[in-house]
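**Student:** Sharing a structure, written as structure tokens. Questions coming.
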Amino acid sequence: MSEAQRRYIGKVVIVTGGAMGMGQATAIAFGREGASVIVADIDDAAGAETVQAIEAAGGHGRYVKGDVGKSEAARHAIDAAVETYGGLDVIFNNVGIQPAESYCTAEDTPEALWDRIMDVNVKSHFLMAKYGIPHIRKRGGGAIINNASVQGLQSMKGVPPYAASKGAVLSLTRQLAVDYAHEGIRVLAICPGTIDTPLVRVALGRDPSTYAENLANAAKAHPLGRIGTPDEIANVVLFLASDAASFMTGEYVCVDGGMMAKGAWA
Ligand SMILES: NC(=O)c1ccc[n+]([C@@H]2O[C@H](COP(=O)([O-])OP(=O)(O)OC[C@H]3O[C@@H](n4cnc5c(N)ncnc54)[C@H](O)[C@@H]3O)[C@@H](O)[C@H]2O)c1
């Protein structure tokens with residue numbers, strides 16, 4: 001890759017949930033294009049592995065441990081970016097959980113599980129914005145990309161907290177975009193379809209005996225006939241956070257192999 005193709009030289013990026021799945025692929029892609037990347041996660045081994053991959057790809061990386069659904073950890077990740085790399089330009093609010101036990105109706109959802117999913121999937125995005133925006137402002141602008149889901153747009157049976165959390169992420173995206181556009185801070189969301197990550201392997205393999213069938217059905221639900229890869233998400237995030245998307249804010253982009261284009265009657 002030539003220097004001209006490395007769009008993120010001199011830029012500082014935080015990726016929450018950056019140690020696995022889409023977060024990992026995107027953290028490495030930012031590194032490949034020259035960024036200094038804070039990998040904010042709770043998995044030490046995967047965090048260390050990701051930092052190694054970022055450095056091998058030509059970027060700088062630091063793993064910061066903490067549950068970013070909690071204020072202290074979110075602020076710690078932001079402080080680490082500023083102390084280690086001198087500022088902050090981009091936040092990829094990627095983190096999100098969908099525990100196997102959360103597949104049930106509202107009346108069967110324990111309150112503590114609801115709170116936990118909301119903290120990780122929504123509050124973390126709020127906290128990173130709240131404490132990160134003052135630093136992005138100091139750079140004269142930047143971008144926040146939020147990972148929502150097609151489940152923020154349409155739903156399926158039995159996922160109340162996850163679906164509600166993803167709807168909230170889309171609404172928060174619009175709100176932040178409107179509030180900070182005049183400062184050159186663009187805020188966008190992505191709505192992935194099914195992407196091959198550890199989270200999805202848990203979701204499709206809740207009953208291991210039906211994993212292959214579930215995977216085939218998931219592939220069929222996407223007009224492109226397959227599920228997506230984390231790198232296909234990284235490509236879109238790097239575009240949205242770059243100057244090439246300078247007239248985009250407050251919008252979501254479906255990265256879903258055409259899933260949201262298809263009617264239920266199709
Ligand atoms: N995989 C899919 O098909 C899919 C589809 C639509 C949306 N999404 C969303 O994309 C995002 C990434 O999903 P994924 O499939 O890559 O997930 P994943 O489970 O594969 O990886 C998530 C990462 O987040 C970390 N993490 C979990 N809780 C954390 C916390 N409290 N604080 C910090 N880090 C934490 C994990 O250790 C892991 O590294 C999530 O927001 C998810 O809801 C996923």
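In the structure tokens, the first chain shown is A, the next is B, and so on; residue numbers restart at 1 for each chain, and ligands run from 1 in the order shown.
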Counting only C-alpha atoms and all ligand atoms, what are the residues, protein, DNA or RNA alike, that approach ligand 1 to within 6 Å? I want them as a PyMOL selection string.
**Tutor:** chain A and resi 16-23+40-43+66-69+94-97+120+147-149+192-200
**Student:** Mind running stretch 165-218 of chain A against stretch 236-239 of chain A at 12 Å and telling me each contacting residue's nearest atom pair with the distance in Å (one decimal), counting only C-alpha atoms, chain and number ascending, as JSON lines?
**Tutor:**
```
{"residue": "A:Val187", "atom": "CA", "partner": "A:Val237", "partner_atom": "CA", "distance": 11.4}
{"residue": "A:Leu188", "atom": "CA", "partner": "A:Val237", "partner_atom": "CA", "distance": 9.2}
{"residue": "A:Ala189", "atom": "CA", "partner": "A:Val237", "partner_atom": "CA", "distance": 8.9}
{"residue": "A:Ile190", "atom": "CA", "partner": "A:Val237", "partner_atom": "CA", "distance": 7.7}
{"residue": "A:Cys191", "atom": "CA", "partner": "A:Val236", "partner_atom": "CA", "distance": 10.7}
{"residue": "A:Pro192", "atom": "CA", "partner": "A:Val236", "partner_atom": "CA", "distance": 10.3}
```
**Student:** Just how far from atom CA of A:Gly59 is atom CA of A:Ala29, in Å to one decimal?
**Tutor:**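 So the answer is 9.0 Å.
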**Student:** Rank A:Val255, A:Ala218, A:Val169, A:Val178 by their smallest atom-to-atom distance to A:Ala203, using only C-alpha atoms, and report the top residue only.
**Tutor:**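 Comparing A:Val255, A:Ala218, A:Val169, A:Val178 against A:Ala203, the winner is A:Ala218.
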**Student:** Compare A:Arg206, A:Tyr180, A:Val15, A:Pro160 by their minimum atom-to-atom distance to A:Pro110, counting only C-alpha atoms, and give me the closest one.
**Tutor:**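 Using only C-alpha atoms, A:Pro110 sits closest to A:Pro160.
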**Student:** Go through A:Met260, A:Ala48, A:Ile136, A:Ala57 one by one, measure the shortest atom-to-atom distance of each to A:Gln154 using only C-alpha atoms, and give the residue with the smallest value.
**Tutor:**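 Among the listed residues, A:Met260 lies closest to A:Gln154.
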**Student:** So which bits of stretch 60-204 of chain A end up alpha helix (DSSP H) when you DSSP the backbone, as a PyMOL selection string?
**Tutor:** chain A and resi 71-85+111-118+124-138+160-180+198-204
**Student:** List the spatial neighbours of A:Glu107 as an NGL selection string - criterion: any atom at most 12 Å away, only C-alpha atoms, same-chain residues fewer than 2 positions off excluded.
**Tutor:** :A and (102-105 or 109-111 or 114 or 158-161)
**Student:** Write to file, as a tab-separated table (two decimals), in the first residue's frame, the residues of the selection just made, with N, CA and C atoms.
**Tutor:**
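Generated output (out.tsv):
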```tsv
chain	number	residue	atom	x	y	z
A	102	SER	N	-30.40	-14.24	26.03
A	102	SER	CA	-31.27	-13.07	25.77
A	102	SER	C	-32.28	-13.34	24.67
A	103	TYR	N	-32.25	-14.55	24.10
A	103	TYR	CA	-33.23	-14.91	23.07
A	103	TYR	C	-34.51	-15.40	23.76
A	104	CYS	N	-35.39	-14.47	24.12
A	104	CYS	CA	-36.65	-14.84	24.76
A	104	CYS	C	-37.60	-13.65	24.70
A	105	THR	N	-38.79	-13.84	25.21
A	105	THR	CA	-39.76	-12.74	25.19
A	105	THR	C	-39.44	-11.73	26.29
A	109	THR	N	-37.34	-12.02	30.05
A	109	THR	CA	-36.02	-11.36	30.08
A	109	THR	C	-35.75	-10.82	31.48
A	110	PRO	N	-34.72	-11.33	32.17
A	110	PRO	CA	-34.40	-10.79	33.50
A	110	PRO	C	-34.02	-9.30	33.39
A	111	GLU	N	-34.44	-8.52	34.37
A	111	GLU	CA	-34.14	-7.09	34.33
A	111	GLU	C	-32.63	-6.84	34.26
A	114	TRP	N	-31.44	-7.20	30.73
A	114	TRP	CA	-31.84	-6.00	29.96
A	114	TRP	C	-30.85	-4.86	30.22
A	158	GLY	N	-38.36	-12.77	19.63
A	158	GLY	CA	-37.57	-13.15	20.80
A	158	GLY	C	-36.24	-12.47	21.02
A	159	VAL	N	-36.11	-11.19	20.65
A	159	VAL	CA	-34.84	-10.49	20.94
A	159	VAL	C	-35.10	-9.07	21.49
A	160	PRO	N	-35.94	-8.94	22.53
A	160	PRO	CA	-36.34	-7.58	22.93
A	160	PRO	C	-35.19	-6.63	23.31
A	161	PRO	N	-34.26	-7.01	24.20
A	161	PRO	CA	-33.26	-6.00	24.56
A	161	PRO	C	-32.31	-5.68	23.41
```
**Student:** With only C-alpha atoms as the counted atoms, please give the residues lying no more than 10 Å from A:Ala53, apart from itself and same-chain residues fewer than 2 positions off, as a list in words.
**Tutor:**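 The filter keeps Gln24, Ala25, Ala27, Ile28, Ala29, Gly31, Arg32, Gly47, Ala48, Glu49, Thr50, Val51, Glu55, Ala56, Ala57, Gly58, Gly59, His60 and Gly61 of chain A.
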**Student:** Take the residues from that selection and write them out as a short mmCIF file (atom, residue, chain, number, x, y, z; two decimals), in the first residue's frame, keeping C-alpha atoms.
**Tutor:**
```cif
data_model
loop_
_atom_site.label_atom_id
_atom_site.label_comp_id
_atom_site.auth_asym_id
_atom_site.auth_seq_id
_atom_site.Cartn_x
_atom_site.Cartn_y
_atom_site.Cartn_z
CA GLN A 24 -10.71 -6.51 15.35
CA ALA A 25 -10.84 -6.44 11.54
CA ALA A 27 -8.82 -1.95 14.15
CA ILE A 28 -6.29 -3.79 11.97
CA ALA A 29 -7.55 -2.02 8.82
CA GLY A 31 -3.60 0.34 11.48
CA ARG A 32 -2.84 -0.76 7.92
CA GLY A 47 -6.53 -7.65 22.71
CA ALA A 48 -2.81 -8.44 22.71
CA GLU A 49 -3.15 -10.44 19.49
CA THR A 50 -4.97 -7.55 17.81
CA VAL A 51 -2.35 -5.02 18.85
CA GLU A 55 1.69 -3.21 14.45
CA ALA A 56 2.47 -5.89 11.86
CA ALA A 57 0.17 -4.08 9.43
CA GLY A 58 2.12 -0.83 9.88
CA GLY A 59 0.09 1.02 12.51
CA HIS A 60 0.44 1.64 16.22
CA GLY A 61 -1.77 -0.10 18.73
#
```
**Student:** So that I can check the surroundings of A:Ala74, please list as a PDB file with N, CA and C atoms, in the first residue's frame every protein, DNA and RNA residue that reaches within 7 Å of it, counting only C-alpha atoms and ignoring chain neighbours fewer than 4 positions away.
**Tutor:**
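Output (part23.pdb):
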```pdb
ATOM      1  N   VAL A  68     -16.591  -1.005  28.553  1.00  0.00           N
ATOM      2  CA  VAL A  68     -16.856   0.374  28.140  1.00  0.00           C
ATOM      3  C   VAL A  68     -18.316   0.797  28.354  1.00  0.00           C
ATOM      4  N   LYS A  70     -19.267   1.034  31.223  1.00  0.00           N
ATOM      5  CA  LYS A  70     -19.096   1.698  32.526  1.00  0.00           C
ATOM      6  C   LYS A  70     -18.253   2.958  32.315  1.00  0.00           C
ATOM      7  N   ILE A  78     -10.409   6.682  26.540  1.00  0.00           N
ATOM      8  CA  ILE A  78     -10.195   7.997  25.915  1.00  0.00           C
ATOM      9  C   ILE A  78      -8.907   8.635  26.447  1.00  0.00           C
ATOM     10  N   LEU A 127     -21.316   7.125  26.381  1.00  0.00           N
ATOM     11  CA  LEU A 127     -20.153   7.498  27.203  1.00  0.00           C
ATOM     12  C   LEU A 127     -18.950   7.868  26.336  1.00  0.00           C
ATOM     13  N   MET A 128     -18.733   7.088  25.287  1.00  0.00           N
ATOM     14  CA  MET A 128     -17.595   7.385  24.412  1.00  0.00           C
ATOM     15  C   MET A 128     -17.785   8.732  23.725  1.00  0.00           C
TER      16      MET A 128
END
```
**Student:** Compile the contact shell of A:Ala177 as a ChimeraX atom specification: residues with an atom at most 6 Å away, counting only C-alpha atoms, same-chain residues fewer than 4 positions apart removed.
**Tutor:** /A:181,186-187,249-250
**Student:** For the residues in that selection, give me N, CA and C atoms as a JSON list (two decimals), in the first residue's frame.
**Tutor:**
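Generated output (again.json):
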```json
[["chain", "number", "residue", "atom", "x", "y", "z"],
["A", 181, "ALA", "N", -22.75, 18.64, 14.12],
["A", 181, "ALA", "CA", -22.40, 18.87, 12.71],
["A", 181, "ALA", "C", -21.65, 20.20, 12.55],
["A", 186, "ARG", "N", -18.74, 14.38, 12.36],
["A", 186, "ARG", "CA", -19.75, 13.59, 11.64],
["A", 186, "ARG", "C", -20.03, 12.31, 12.42],
["A", 187, "VAL", "N", -21.31, 11.93, 12.45],
["A", 187, "VAL", "CA", -21.70, 10.74, 13.21],
["A", 187, "VAL", "C", -22.57, 9.86, 12.31],
["A", 249, "THR", "N", -23.52, 12.60, 7.22],
["A", 249, "THR", "CA", -23.66, 12.53, 8.68],
["A", 249, "THR", "C", -25.11, 12.24, 9.03],
["A", 250, "GLY", "N", -25.34, 11.63, 10.20],
["A", 250, "GLY", "CA", -26.70, 11.37, 10.68],
["A", 250, "GLY", "C", -27.40, 10.26, 9.92]]
```
**Student:** Measuring between only C-alpha atoms, which one of A:Met259, A:Val82, A:Ala245, A:Ala106 shows the shortest distance to A:Gln151?
**Tutor:**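 Ranking A:Met259, A:Val82, A:Ala245, A:Ala106 by distance to A:Gln151, first place goes to A:Met259.
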**Student:** Go through A:Gln52, A:Thr210, A:Asn146, A:Asn217 and flag the residue nearest A:His125, using only C-alpha atoms for the distances.
**Tutor:**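 The shortest atom-to-atom distance to A:His125 comes from A:Asn146.
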**Student:** Apply DSSP to the structure's backbone, then extract all residues of stretch 35-127 of chain A labelled strand (DSSP E) and return them as a ChimeraX atom specification.
**Tutor:** /A:36-41,60-65,90-93
**Student:** Name the closest residue to A:Ala241 among the candidates A:Leu113, A:Leu172, A:Ala81, A:Ala35; distances are taken between atoms, counting only C-alpha atoms.
**Tutor:**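 Looking at the shortest contact to A:Ala241, the residue is A:Ala35.
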**Student:** Could you give me, as a count of residues only, the residues within 9 Å of A:Val13, counting only C-alpha atoms and dropping anything in the same chain fewer than 5 positions from it?
**Tutor:** 14
**Student:** Quick check, in Å to one decimal: how far apart do atom CA of A:Gln175 and atom CA of A:Asn93 lie?
**Tutor:**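 A separation of 15.1 Å between them.
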